[in-house]
$ cat input-v9.cif   # mmCIF, C-alpha atoms
data_run
loop_
_atom_site.label_atom_id
_atom_site.label_comp_id
_atom_site.auth_asym_id
_atom_site.auth_seq_id
_atom_site.Cartn_x
_atom_site.Cartn_y
_atom_site.Cartn_z
CA MET K 15 84.46 29.37 128.03
CA PHE K 16 84.50 26.34 126.00
CA ARG K 17 85.86 23.37 127.67
CA ASN K 18 85.50 19.74 127.12
CA GLY K 19 83.31 19.08 130.09
CA HIS K 20 83.31 15.95 132.20
CA GLY K 21 79.88 16.71 133.63
CA LEU K 22 79.21 18.78 136.74
CA ASN K 23 81.55 18.51 139.67
CA GLY K 24 81.96 20.54 142.86
CA ARG K 25 84.57 22.87 141.52
CA ALA K 26 82.52 23.68 138.49
CA ALA K 27 79.44 24.33 140.60
CA ALA K 28 81.36 26.79 142.74
CA THR K 29 82.59 28.52 139.64
CA TRP K 30 79.06 28.83 138.28
CA LEU K 31 77.80 30.16 141.54
CA ALA K 32 80.47 32.82 141.55
CA LEU K 33 79.64 33.70 137.98
CA ALA K 34 75.94 33.93 138.81
CA CYS K 35 76.65 36.19 141.73
CA THR K 36 78.83 38.37 139.59
CA ALA K 37 76.04 38.56 137.02
CA LEU K 38 73.57 39.43 139.72
CA LEU K 39 75.85 42.10 141.12
CA ALA K 40 76.36 43.48 137.67
CA GLY K 41 72.59 43.61 137.27
CA CYS K 42 72.27 45.39 140.57
CA ALA K 43 75.07 47.84 139.64
CA SER K 44 73.18 49.04 136.57
CA THR K 45 70.08 49.85 138.56
CA PRO K 46 71.31 52.31 141.22
CA VAL K 47 71.34 55.99 140.33
CA PRO K 48 74.62 56.78 138.48
CA SER K 49 75.21 59.56 140.98
CA GLU K 50 78.56 60.71 139.66
CA GLN K 51 77.37 61.22 136.05
CA LEU K 52 74.17 62.83 137.26
CA ALA K 53 76.11 65.23 139.46
CA VAL K 54 78.34 66.14 136.53
CA ALA K 55 75.27 66.71 134.33
CA ALA K 56 73.54 68.80 137.01
CA SER K 57 76.62 70.92 137.42
CA ALA K 58 76.90 71.45 133.64
CA ILE K 59 73.24 72.46 133.50
CA GLU K 60 73.73 74.87 136.38
CA GLN K 61 76.69 76.49 134.67
CA ALA K 62 74.77 76.81 131.41
CA GLU K 63 71.88 78.40 133.26
CA LYS K 64 74.19 80.86 134.99
CA ALA K 65 75.65 81.80 131.61
CA GLY K 66 72.13 82.62 130.39
CA ALA K 67 71.40 79.56 128.27
CA ALA K 68 67.67 79.83 129.07
CA GLN K 69 67.61 82.70 126.61
CA SER K 70 70.40 81.90 124.18
CA ALA K 71 70.09 78.10 123.89
CA PRO K 72 66.69 77.07 125.28
CA THR K 73 66.45 73.93 123.11
CA GLU K 74 69.72 72.39 124.26
CA LEU K 75 69.08 73.36 127.87
CA ALA K 76 65.61 71.81 127.84
CA LEU K 77 67.06 68.65 126.25
CA ALA K 78 69.68 68.40 129.00
CA ARG K 79 67.13 68.89 131.77
CA GLU K 80 64.75 66.37 130.26
CA LYS K 81 67.52 63.76 129.93
CA VAL K 82 68.65 64.21 133.51
CA ALA K 83 65.07 63.82 134.68
CA ARG K 84 64.68 60.69 132.55
CA ALA K 85 67.97 59.27 133.85
CA ARG K 86 66.79 59.76 137.44
CA SER K 87 63.39 58.25 136.88
CA GLU K 88 64.73 55.25 134.94
CA ALA K 89 67.33 54.61 137.60
CA GLU K 90 64.79 54.80 140.37
CA SER K 91 62.10 52.76 138.69
CA HIS K 92 64.62 50.24 137.28
CA SER K 93 62.97 50.67 133.89
CA GLY K 94 65.00 50.83 130.70
CA LYS K 95 68.10 48.90 129.75
CA PRO K 96 71.14 48.65 131.93
CA GLY K 97 73.43 51.66 131.30
CA ASP K 98 70.62 53.82 129.93
CA SER K 99 70.67 56.15 132.93
CA GLN K 100 74.38 56.72 132.69
CA ARG K 101 74.24 57.33 128.97
CA LEU K 102 71.39 59.79 129.42
CA ALA K 103 73.39 61.63 132.07
CA GLU K 104 76.41 61.79 129.78
CA GLN K 105 74.32 63.07 126.90
CA ALA K 106 72.71 65.65 129.18
CA THR K 107 76.18 66.85 130.11
CA ALA K 108 77.13 67.21 126.42
CA ASP K 109 73.83 69.03 125.75
CA ALA K 110 74.39 71.41 128.66
CA GLN K 111 77.96 72.09 127.55
CA LEU K 112 76.74 72.86 124.04
CA ALA K 113 74.07 75.14 125.53
CA GLN K 114 76.71 77.01 127.49
CA ALA K 115 79.04 77.32 124.49
CA LYS K 116 76.17 78.59 122.35
CA THR K 117 75.33 81.15 125.01
CA GLN K 118 78.92 82.33 125.17
CA ALA K 119 79.10 82.55 121.37
CA ALA K 120 75.87 84.56 121.21
CA LYS K 121 77.20 86.94 123.85
CA ALA K 122 80.47 87.31 122.00
CA ASP K 123 78.59 87.93 118.73
CA LYS K 124 76.55 90.66 120.38
CA SER K 125 79.57 92.27 121.99
CA VAL K 126 81.51 92.16 118.73
CA ALA K 127 78.58 93.67 116.84
CA GLU K 128 78.37 96.48 119.40
CA LEU K 129 82.10 96.94 119.20
CA GLU K 130 82.09 97.12 115.40
CA GLU K 131 79.30 99.67 115.60
CA SER K 132 81.20 101.79 118.10
CA LEU K 133 84.39 101.54 116.03
CA ARG K 134 82.44 102.52 112.94
CA ALA K 135 81.05 105.54 114.77
CA LEU K 136 84.50 106.42 116.02
CA ARG K 137 85.96 106.17 112.52
CA GLU K 138 83.20 108.32 111.17
CA GLU K 139 83.79 110.88 113.88
CA ALA K 140 87.51 110.79 113.26
CA GLN K 141 86.98 111.49 109.57
CA ARG K 142 84.35 114.18 110.01
CA PRO K 143 86.65 117.18 110.71
CA ALA K 144 88.76 116.20 107.72
CA ASN K 145 85.71 116.16 105.50
CA GLN K 146 84.29 119.38 106.85
CA THR K 147 87.25 121.68 106.76
CA PRO K 148 87.53 121.97 102.98
CA GLU K 149 83.96 123.27 102.92
CA ASN K 150 84.90 125.99 105.38
CA SER K 151 88.04 127.01 103.62
CA PRO K 152 87.60 129.56 100.85
CA MET S 17 75.62 25.02 129.11
CA ARG S 18 76.78 21.60 128.81
CA PHE S 19 79.16 20.60 126.08
CA ILE S 20 79.62 17.06 125.20
CA ALA S 21 81.28 18.03 122.05
CA THR S 22 82.89 16.05 119.36
CA LYS S 23 85.74 17.56 117.43
CA PRO S 24 83.71 18.07 114.20
CA LEU S 25 81.11 19.99 116.17
CA VAL S 26 83.74 22.23 117.65
CA ALA S 27 85.10 22.79 114.18
CA ALA S 28 81.62 23.63 112.88
CA LEU S 29 81.06 26.07 115.69
CA GLY S 30 84.43 27.68 115.01
CA VAL S 31 83.53 28.15 111.38
CA SER S 32 80.18 29.65 112.33
CA ALA S 33 81.92 32.00 114.74
CA LEU S 34 84.33 33.04 112.03
CA ALA S 35 81.43 33.62 109.67
CA LEU S 36 79.72 35.75 112.28
CA ALA S 37 82.91 37.65 112.92
CA GLY S 38 83.17 38.21 109.20
CA CYS S 39 79.70 39.70 109.15
CA ALA S 40 80.50 41.85 112.18
CA SER S 41 83.63 43.25 110.54
CA ALA S 42 81.53 44.77 107.73
CA PRO S 43 81.17 48.46 108.82
CA THR S 44 77.76 49.28 110.17
CA THR S 45 76.43 52.79 110.24
CA THR S 46 73.43 54.63 111.66
CA PRO S 47 72.02 58.04 110.82
CA VAL S 48 73.31 59.36 114.13
CA LEU S 49 76.80 58.08 113.32
CA ALA S 50 76.67 59.63 109.83
CA GLU S 51 75.64 62.92 111.42
CA ALA S 52 78.54 62.68 113.90
CA ARG S 53 81.01 62.23 111.03
CA THR S 54 79.59 65.25 109.19
CA GLN S 55 79.66 67.38 112.31
CA LEU S 56 83.24 66.50 113.11
CA GLU S 57 84.26 67.26 109.53
CA THR S 58 82.54 70.65 109.72
CA ALA S 59 84.10 71.47 113.08
CA ARG S 60 87.56 70.45 111.86
CA SER S 61 87.35 72.81 108.90
CA ASP S 62 86.30 75.66 111.20
CA ALA S 63 89.35 77.88 111.71
CA ASN S 64 88.12 79.27 115.02
CA ALA S 65 87.40 75.81 116.39
CA GLN S 66 90.89 74.70 115.33
CA LYS S 67 92.50 77.71 116.95
CA PHE S 68 90.50 78.04 120.14
CA ALA S 69 88.85 74.66 120.86
CA SER S 70 91.36 72.02 119.83
CA GLU S 71 90.72 70.00 123.02
CA ASP S 72 87.03 69.77 122.22
CA LEU S 73 87.85 68.73 118.67
CA GLN S 74 90.08 65.98 119.98
CA ARG S 75 87.38 64.85 122.38
CA ALA S 76 84.83 64.77 119.57
CA ALA S 77 87.26 62.74 117.45
CA GLY S 78 87.82 60.30 120.32
CA LEU S 79 84.09 59.87 120.81
CA LEU S 80 83.60 59.29 117.08
CA THR S 81 86.34 56.65 117.19
CA ASN S 82 84.43 54.96 120.02
CA ALA S 83 81.26 55.09 117.95
CA GLU S 84 83.01 53.68 114.87
CA ALA S 85 84.55 50.92 116.99
CA ALA S 86 81.14 50.08 118.43
CA ALA S 87 79.70 49.97 114.93
CA LYS S 88 82.52 47.78 113.69
CA SER S 89 82.02 45.27 116.45
CA ARG S 90 78.27 45.34 115.81
CA LYS S 91 77.39 46.55 119.23
CA ASP S 92 73.89 47.59 120.13
CA ALA S 93 72.69 50.60 118.12
CA ALA S 94 72.06 52.40 121.42
CA ILE S 95 75.80 52.22 122.18
CA ILE S 96 76.85 53.35 118.71
CA ASP S 97 74.37 56.20 118.75
CA HIS S 98 75.34 57.20 122.26
CA TYR S 99 78.97 57.83 121.34
CA ALA S 100 77.95 59.31 118.01
CA TYR S 101 75.59 61.70 119.74
CA LEU S 102 78.21 62.74 122.29
CA SER S 103 80.64 63.31 119.41
CA THR S 104 78.09 65.39 117.50
CA GLN S 105 77.35 67.61 120.50
CA THR S 106 81.05 67.99 121.27
CA SER S 107 81.82 68.97 117.65
CA LYS S 108 79.08 71.59 117.83
CA THR S 109 80.41 72.77 121.20
CA ALA S 110 83.89 73.12 119.67
CA ARG S 111 82.51 75.39 116.95
CA GLU S 112 80.50 77.50 119.39
CA LEU S 113 83.48 77.85 121.74
CA GLY S 114 85.69 78.76 118.81
CA ARG S 115 83.28 81.50 117.85
CA ALA S 116 82.95 82.70 121.45
CA ARG S 117 86.71 82.86 121.99
CA ALA S 118 87.38 84.49 118.63
CA GLY S 119 84.88 87.16 119.66
CA GLU S 120 86.57 87.58 123.01
CA GLU S 121 89.92 87.97 121.28
CA ARG S 122 88.40 90.54 118.92
CA MET S 123 87.14 92.46 121.97
CA ALA S 124 90.58 92.38 123.55
CA ALA S 125 92.11 93.79 120.38
CA ALA S 126 89.48 96.53 120.23
CA SER S 127 91.18 98.96 122.59
CA THR S 128 94.26 98.85 120.41
CA GLU S 129 92.17 99.49 117.34
CA ARG S 130 90.32 102.30 119.08
CA GLU S 131 93.66 103.90 119.93
CA ARG S 132 94.83 103.48 116.35
CA ILE S 133 91.72 105.17 114.98
CA ARG S 134 92.17 108.06 117.41
CA LEU S 135 95.82 108.34 116.50
CA ASP S 136 94.96 108.30 112.78
CA ALA S 137 92.40 111.02 113.37
CA ARG S 138 94.90 113.14 115.26
CA THR S 139 97.53 112.59 112.60
CA GLN S 140 95.04 113.59 109.97
CA GLU S 141 94.01 116.64 111.98
CA ALA S 142 97.62 117.65 112.38
CA ALA S 143 98.23 117.26 108.65
CA GLN S 144 95.07 119.24 108.00
CA ALA S 145 96.16 121.97 110.37
CA ARG S 146 99.59 122.06 108.78
CA MET S 147 98.06 122.32 105.34
CA GLN S 148 95.74 125.08 106.49
CA ALA S 149 98.68 126.92 108.04
CA GLN S 150 100.56 126.61 104.77
CA GLN S 151 97.53 127.81 102.85
CA ALA S 152 97.13 130.72 105.25
CA GLN S 153 100.81 131.56 104.86
CA ALA S 154 100.49 131.39 101.10
CA SER S 155 97.46 133.64 101.06
CA ALA S 156 99.18 136.02 103.49
CA ASN S 157 102.15 136.14 101.12
CA GLN S 158 99.78 136.70 98.25
CA ALA S 159 98.03 139.47 100.17
CA THR S 160 101.36 141.10 100.98
CA ALA S 161 102.38 140.92 97.34
CA ALA S 162 99.01 142.31 96.27
CA ALA S 163 99.34 145.12 98.81
CA ALA S 164 102.82 145.94 97.55
CA GLN S 165 101.53 145.87 93.98
CA ALA S 166 98.64 148.14 94.95
CA GLN S 167 101.03 150.55 96.62
CA ALA S 168 103.24 150.56 93.57
CA ASP S 169 100.17 151.14 91.42
CA VAL S 170 99.10 154.03 93.60
CA ALA S 171 102.61 155.50 93.49
CA SER S 172 102.80 155.17 89.73
CA LYS S 173 99.32 156.64 89.33
CA GLN S 174 100.31 159.51 91.59
CA ALA S 175 103.43 160.04 89.55
CA GLN S 176 101.37 159.91 86.37
CA LEU S 177 98.86 162.25 87.87
CA SER S 178 101.45 164.78 88.97
CA MET S 179 103.07 164.49 85.56
CA GLU S 180 99.75 165.12 83.91
CA GLN S 181 99.07 167.96 86.28
CA GLU S 182 102.46 169.33 85.43
CA ARG S 183 101.77 168.99 81.72
CA THR S 184 98.37 170.56 82.13
CA ALA S 185 99.99 173.41 84.02
CA ASP S 186 102.65 173.69 81.32
CA LEU S 187 100.01 173.61 78.62
CA GLN S 188 98.00 176.23 80.42
CA GLN S 189 101.05 178.39 80.77
CA GLN S 190 102.00 177.91 77.12
CA MET S 191 98.45 178.67 76.05
CA ASP S 192 98.49 181.78 78.17
CA GLU S 193 101.74 182.84 76.62
CA LEU S 194 100.46 182.11 73.10
CA ALA S 195 97.13 183.72 73.85
CA ALA S 196 95.68 180.54 72.39
CA GLN S 197 91.92 179.99 72.18
CA HIS S 198 90.09 176.72 72.63
CA SER S 199 87.91 175.67 69.72
CA SER S 200 86.29 172.44 68.58
CA ARG S 201 89.10 171.98 66.03
CA GLY S 202 91.93 172.57 68.56
CA LEU S 203 93.94 175.41 70.01
CA VAL S 204 93.90 178.46 67.85
CA VAL S 205 96.77 180.97 67.91
CA THR S 206 96.17 184.09 65.88
CA LEU S 207 99.11 185.87 64.35
CA GLY S 208 98.21 189.51 63.67
CA ASP S 209 98.82 191.47 60.43
CA MET S 210 101.65 193.52 61.93
CA LEU S 211 103.90 190.51 61.30
CA PHE S 212 103.74 191.10 57.57
CA ASP S 213 104.31 194.25 55.51
CA THR S 214 101.37 195.25 53.34
CA GLY S 215 101.08 193.02 50.31
CA ARG S 216 104.09 190.90 51.35
CA ALA S 217 104.43 187.39 52.62
CA GLU S 218 107.76 187.63 54.47
CA LEU S 219 107.54 187.38 58.20
CA LYS S 220 108.95 190.30 60.10
CA SER S 221 111.39 189.67 62.96
CA GLY S 222 108.69 190.55 65.51
CA ALA S 223 106.99 187.24 64.76
CA GLY S 224 109.99 185.32 66.09
CA ARG S 225 108.96 185.05 69.75
CA GLN S 226 105.42 183.75 69.03
CA LEU S 227 106.71 181.26 66.43
CA ASP S 228 109.38 180.06 68.89
CA MET S 229 106.67 179.32 71.41
CA ILE S 230 104.54 177.44 68.84
CA GLY S 231 107.62 175.45 67.79
CA THR S 232 108.37 174.55 71.41
CA PHE S 233 104.74 173.63 71.99
CA LEU S 234 104.74 171.26 68.99
CA GLN S 235 107.99 169.71 70.16
CA ASP S 236 106.51 169.22 73.66
CA HIS S 237 103.42 167.61 72.09
CA PRO S 238 104.84 165.52 69.25
CA GLU S 239 101.46 163.83 68.63
CA ARG S 240 99.71 167.07 67.73
CA LYS S 241 99.29 168.23 64.15
CA VAL S 242 99.03 171.80 62.93
CA LEU S 243 96.95 173.59 60.28
CA ILE S 244 98.09 177.05 59.23
CA GLU S 245 95.32 179.21 57.75
CA GLY S 246 95.88 182.56 56.00
CA PHE S 247 93.15 185.28 55.76
CA THR S 248 93.00 188.81 54.28
CA ASP S 249 90.59 191.77 54.23
CA ASN S 250 88.51 192.55 51.17
CA VAL S 251 90.87 195.18 49.74
CA GLY S 252 92.15 194.03 46.34
CA SER S 253 91.02 191.21 44.07
CA GLU S 254 89.79 187.96 45.53
CA ALA S 255 92.36 185.93 43.63
CA TYR S 256 95.16 188.16 44.77
CA ASN S 257 93.97 187.94 48.34
CA GLN S 258 93.66 184.17 48.20
CA GLU S 259 97.16 183.85 46.79
CA LEU S 260 98.56 186.27 49.41
CA SER S 261 96.88 184.38 52.27
CA GLN S 262 98.30 181.14 50.91
CA ARG S 263 101.83 182.52 50.71
CA ARG S 264 101.64 183.98 54.21
CA ALA S 265 100.49 180.60 55.63
CA GLU S 266 103.35 178.90 53.80
CA ALA S 267 105.79 181.45 55.25
CA VAL S 268 104.64 180.44 58.71
CA ARG S 269 105.08 176.75 57.74
CA THR S 270 108.68 177.44 56.71
CA ALA S 271 109.31 179.31 59.94
CA LEU S 272 108.00 176.35 62.00
CA ALA S 273 110.00 173.87 59.92
CA THR S 274 113.17 175.80 60.70
CA ARG S 275 112.18 175.47 64.38
CA GLY S 276 112.34 171.69 64.08
CA VAL S 277 108.71 170.84 63.36
CA ASP S 278 108.45 168.01 60.84
CA ALA S 279 106.79 169.19 57.60
CA SER S 280 104.50 166.13 57.63
CA ARG S 281 102.73 167.49 60.69
CA ILE S 282 101.97 170.81 59.04
CA ASP S 283 99.12 171.58 56.68
CA VAL S 284 98.46 175.01 55.12
CA ALA S 285 95.43 176.70 53.63
CA GLY S 286 94.87 180.19 52.13
CA TYR S 287 91.26 181.41 52.42
CA GLY S 288 91.72 184.99 51.19
CA GLU S 289 88.77 187.20 52.12
CA GLU S 290 86.68 184.34 53.44
CA TYR S 291 85.82 183.83 57.09
CA PRO S 292 86.25 187.39 58.28
CA VAL S 293 86.31 187.87 62.05
CA GLY S 294 85.59 191.61 61.89
CA THR S 295 83.78 194.06 59.60
CA ASN S 296 85.60 195.17 56.46
CA ALA S 297 83.75 198.50 56.75
CA ASP S 298 86.38 200.22 58.86
CA ALA S 299 90.12 200.10 59.37
CA GLY S 300 89.95 198.34 62.78
CA GLY S 301 87.76 195.53 61.42
CA ARG S 302 89.93 195.06 58.34
CA GLN S 303 93.00 194.82 60.57
CA LEU S 304 91.33 191.95 62.51
CA ASN S 305 90.57 190.17 59.27
CA ARG S 306 94.17 190.30 58.08
CA ARG S 307 95.61 187.42 60.04
CA VAL S 308 97.18 183.93 60.09
CA GLU S 309 95.57 181.37 62.41
CA VAL S 310 97.66 178.47 63.60
CA VAL S 311 95.35 175.62 64.66
CA LEU S 312 97.00 173.01 66.92
CA SER S 313 95.14 169.69 67.00
CA ASN S 314 93.88 168.37 70.33
CA GLY S 315 95.08 164.84 69.56
CA PRO S 316 96.97 162.93 66.90
CA GLU S 317 94.25 163.58 64.28
CA ALA S 318 95.05 166.23 61.70
CA VAL S 319 93.00 169.44 61.93
CA LYS S 320 90.17 169.49 59.43
CA ARG S 321 90.14 172.28 56.89
CA ARG S 322 87.21 174.65 56.75
#

$ encode --input "input-v9.cif" --output "structure tokens"
Amino acid sequence: MFRNGHGLNGRAAATWLALACTALLAGCASTPVPSEQLAVAASAIEQAEKAGAAQSAPTELALAREKVARARSEAESHSGKPGDSQRLAEQATADAQLAQAKTQAAKADKSVAELEESLRALREEAQRPANQTPENSP
Amino acid sequence: MRFIATKPLVAALGVSALALAGCASAPTTTPVLAEARTQLETARSDANAQKFASEDLQRAAGLLTNAEAAAKSRKDAAIIDHYAYLSTQTSKTARELGRARAGEERMAAASTERERIRLDARTQEAAQARMQAQQAQASANQATAAAAQAQADVASKQAQLSMEQERTADLQQQMDELAAQHSSRGLVVTLGDMLFDTGRAELKSGAGRQLDMIGTFLQDHPERKVLIEGFTDNVGSEAYNQELSQRRAEAVRTALATRGVDASRIDVAGYGEEYPVGTNADAGGRQLNRRVEVVLSNGPEAVKRR
């Protein structure tokens, strides 16, 4: 970037123009809706919802939805800093994935608790005849 | 952006840049970044996350590295926090997934465990049944033994009974033969006066058969004792009569001793005119009063004297 300049000349002007255009394009690129990230986030939210996150992880799910909505509105209204929309979409994805994992863990916890209960009952039942017979014997 | 720079200026700028770089290299942190570090540490020490969600752990570590790098190069806090936040959520996700998958694995193992419990129960039941069978066998054996014992008892009681019956029959027969009388003191056999000559104490040979029977009876009943009592009528002096009754009783003792009856079992008493059984007013009554009574005890106790 640093050069010992000899003042403006044609070649330099062309270079600056190109740079300006690039800058402009870069500015433009940050504004459009980051459709790919948003699609990923939407899909993650959908999966979390299907898993039942509305019940098991409402906080994370709400966070994800809110961030996706914010990402869309910022992208459309060109408000916020460049890259904000994409970051929000990425965070929403992480939130939705956490929501889904939490939901799965809660389900597994419940199933395991039911299982332990049924095994406990089974063990009890299995031991019952052994405990009863001595009472019956003389 | 125009640079009409002199060399010293360039040098100054370079120094400034270096100084800035120096500042930037000092690690920067934010609360979100600190939280991300803590979360990753927690997730890494979670055994389930390690076992079942290693990819998520790696992803969280990568995101934390990005956050640390952003902090080191003094990037915008929004960038640092963005990666830190993603790392935090991914660490949490790793732990949740670890828990979920551990639970799923537990569920998969459940059918095996269920089978094992059932098998244990059946094994226990079988052992129980075997034990009960053994107990039943033992009590059956015991019952059989008890039954055999009871039968033996019955047999021995029957034998005893028939023996006793036999003895009772024998005793009855002997008593009949001896013409013995029951009394509270025992069996009383009366030897009449015709066994002695008048005024004498020697037994005549006619007494032999009755004395034989008494001797046999005492040998058959070795526990029984005997008291021999002599009596007279009132003819003659009292002293004479007492002495005569005594000598006659002793004669009977001698006769029994010669028939094998131990002298220790025999007691004698001479009562003379006392205890008459008939009237001394006529000959018939006096004859009844002249007698020797042999009292055989009912048990091992000696017969009491009058």

$ closest_atom_pairs --input "input-v9.cif" --of "chain K" --to "chain S" --cutoff "7 Å" --atoms "only C-alpha atoms" --output "JSON lines"
{"residue": "K:Asn18", "atom": "CA", "partner": "S:Phe19", "partner_atom": "CA", "distance": 6.5}
{"residue": "K:Gly19", "atom": "CA", "partner": "S:Phe19", "partner_atom": "CA", "distance": 6.0}
{"residue": "K:Arg101", "atom": "CA", "partner": "S:His98", "partner_atom": "CA", "distance": 6.8}
{"residue": "K:Gln105", "atom": "CA", "partner": "S:Leu102", "partner_atom": "CA", "distance": 6.0}
{"residue": "K:Ala108", "atom": "CA", "partner": "S:Gln105", "partner_atom": "CA", "distance": 5.9}
{"residue": "K:Asp109", "atom": "CA", "partner": "S:Gln105", "partner_atom": "CA", "distance": 6.5}
{"residue": "K:Gln111", "atom": "CA", "partner": "S:Thr109", "partner_atom": "CA", "distance": 6.8}
{"residue": "K:Leu112", "atom": "CA", "partner": "S:Thr109", "partner_atom": "CA", "distance": 4.6}
{"residue": "K:Ala115", "atom": "CA", "partner": "S:Leu113", "partner_atom": "CA", "distance": 5.2}
{"residue": "K:Lys116", "atom": "CA", "partner": "S:Glu112", "partner_atom": "CA", "distance": 5.4}
{"residue": "K:Gln118", "atom": "CA", "partner": "S:Ala116", "partner_atom": "CA", "distance": 5.5}
{"residue": "K:Ala119", "atom": "CA", "partner": "S:Ala116", "partner_atom": "CA", "distance": 3.9}
{"residue": "K:Ala122", "atom": "CA", "partner": "S:Gly119", "partner_atom": "CA", "distance": 5.0}
{"residue": "K:Asp123", "atom": "CA", "partner": "S:Gly119", "partner_atom": "CA", "distance": 6.4}
{"residue": "K:Val126", "atom": "CA", "partner": "S:Gly119", "partner_atom": "CA", "distance": 6.1}
{"residue": "K:Leu133", "atom": "CA", "partner": "S:Arg130", "partner_atom": "CA", "distance": 6.7}
{"residue": "K:Arg137", "atom": "CA", "partner": "S:Ile133", "partner_atom": "CA", "distance": 6.3}
{"residue": "K:Ala140", "atom": "CA", "partner": "S:Ala137", "partner_atom": "CA", "distance": 4.9}
{"residue": "K:Gln141", "atom": "CA", "partner": "S:Ala137", "partner_atom": "CA", "distance": 6.6}
{"residue": "K:Ala144", "atom": "CA", "partner": "S:Glu141", "partner_atom": "CA", "distance": 6.8}

$ write_last_selection --input "input-v9.cif" --atoms "C-alpha atoms" --output "PDB file, in the frame of the given file"
ATOM      1  CA  ASN K  18      85.500  19.740 127.120  1.00  0.00           C
ATOM      2  CA  GLY K  19      83.310  19.080 130.090  1.00  0.00           C
ATOM      3  CA  ARG K 101      74.240  57.330 128.970  1.00  0.00           C
ATOM      4  CA  GLN K 105      74.320  63.070 126.900  1.00  0.00           C
ATOM      5  CA  ALA K 108      77.130  67.210 126.420  1.00  0.00           C
ATOM      6  CA  ASP K 109      73.830  69.030 125.750  1.00  0.00           C
ATOM      7  CA  GLN K 111      77.960  72.090 127.550  1.00  0.00           C
ATOM      8  CA  LEU K 112      76.740  72.860 124.040  1.00  0.00           C
ATOM      9  CA  ALA K 115      79.040  77.320 124.490  1.00  0.00           C
ATOM     10  CA  LYS K 116      76.170  78.590 122.350  1.00  0.00           C
ATOM     11  CA  GLN K 118      78.920  82.330 125.170  1.00  0.00           C
ATOM     12  CA  ALA K 119      79.100  82.550 121.370  1.00  0.00           C
ATOM     13  CA  ALA K 122      80.470  87.310 122.000  1.00  0.00           C
ATOM     14  CA  ASP K 123      78.590  87.930 118.730  1.00  0.00           C
ATOM     15  CA  VAL K 126      81.510  92.160 118.730  1.00  0.00           C
ATOM     16  CA  LEU K 133      84.390 101.540 116.030  1.00  0.00           C
ATOM     17  CA  ARG K 137      85.960 106.170 112.520  1.00  0.00           C
ATOM     18  CA  ALA K 140      87.510 110.790 113.260  1.00  0.00           C
ATOM     19  CA  GLN K 141      86.980 111.490 109.570  1.00  0.00           C
ATOM     20  CA  ALA K 144      88.760 116.200 107.720  1.00  0.00           C
TER      21      ALA K 144
END

$ resolve_selection --input "input-v9.cif" --expression "the PyMOL selection byres ((chain S and resi 305) around 10)" --output "PyMOL selection string"
chain S and resi 208-209+246-250+288-296+299-304+306-308

$ residues_around --input "input-v9.cif" --residues "Glu60 of chain K" --least-positions-apart "6" --cutoff "10 Å" --atoms "only C-alpha atoms" --output "list of chain:residue names"
K:Val54, K:Gly66, K:Ala67, K:Leu75, K:Ala110, K:Gln114

$ atom_distance --input "input-v9.cif" --atom1 "atom CA of Asp98 of chain K" --atom2 "atom CA of Ala59 of chain S"
27.9 Å

$ atom_distance --input "input-v9.cif" --atom1 "atom CA of Ser70 of chain K" --atom2 "atom CA of Thr117 of chain K"
5.1 Å

$ axis_aligned_box --input "input-v9.cif" --around "segment 72-89 of chain K" --padding-each-side "5 Å" --output "JSON"
{"center_x": 66.6, "center_y": 65.8, "center_z": 130.4, "size_x": 16.3, "size_y": 32.5, "size_z": 24.5}

$ closest_residue --input "input-v9.cif" --among "S:Ala156, S:Gln167, S:Val311, S:Ala124" --to "Ser125 of chain K" --atoms "only C-alpha atoms"
S:Ala124

$ atom_distance --input "input-v9.cif" --atom1 "atom CA of Asn82 of chain S" --atom2 "atom CA of Thr54 of chain S"
15.7 Å

$ resolve_selection --input "input-v9.cif" --expression "the PyMOL selection byres ((chain K and resi 83-91) around 10)" --output "list in words"
Ser44, Thr45, Pro46, Val47, Pro48, Ser49, Gln51, Leu52, Leu77, Ala78, Arg79, Glu80, Lys81, Val82, His92, Ser93, Gly94, Lys95, Pro96, Gly97, Asp98, Ser99, Gln100, Arg101, Leu102, Ala103, Glu104 and Ala106 of chain K

$ residues_around --input "input-v9.cif" --residues "Gly224 of chain S" --least-positions-apart "3" --cutoff "12 Å" --atoms "only C-alpha atoms" --output "list in words"
Leu207, Leu211, Leu219, Lys220, Ser221, Leu227, Asp228, Met229, Ile230, Gly231, Val268, Ala271, Leu272, Thr274 and Arg275 of chain S
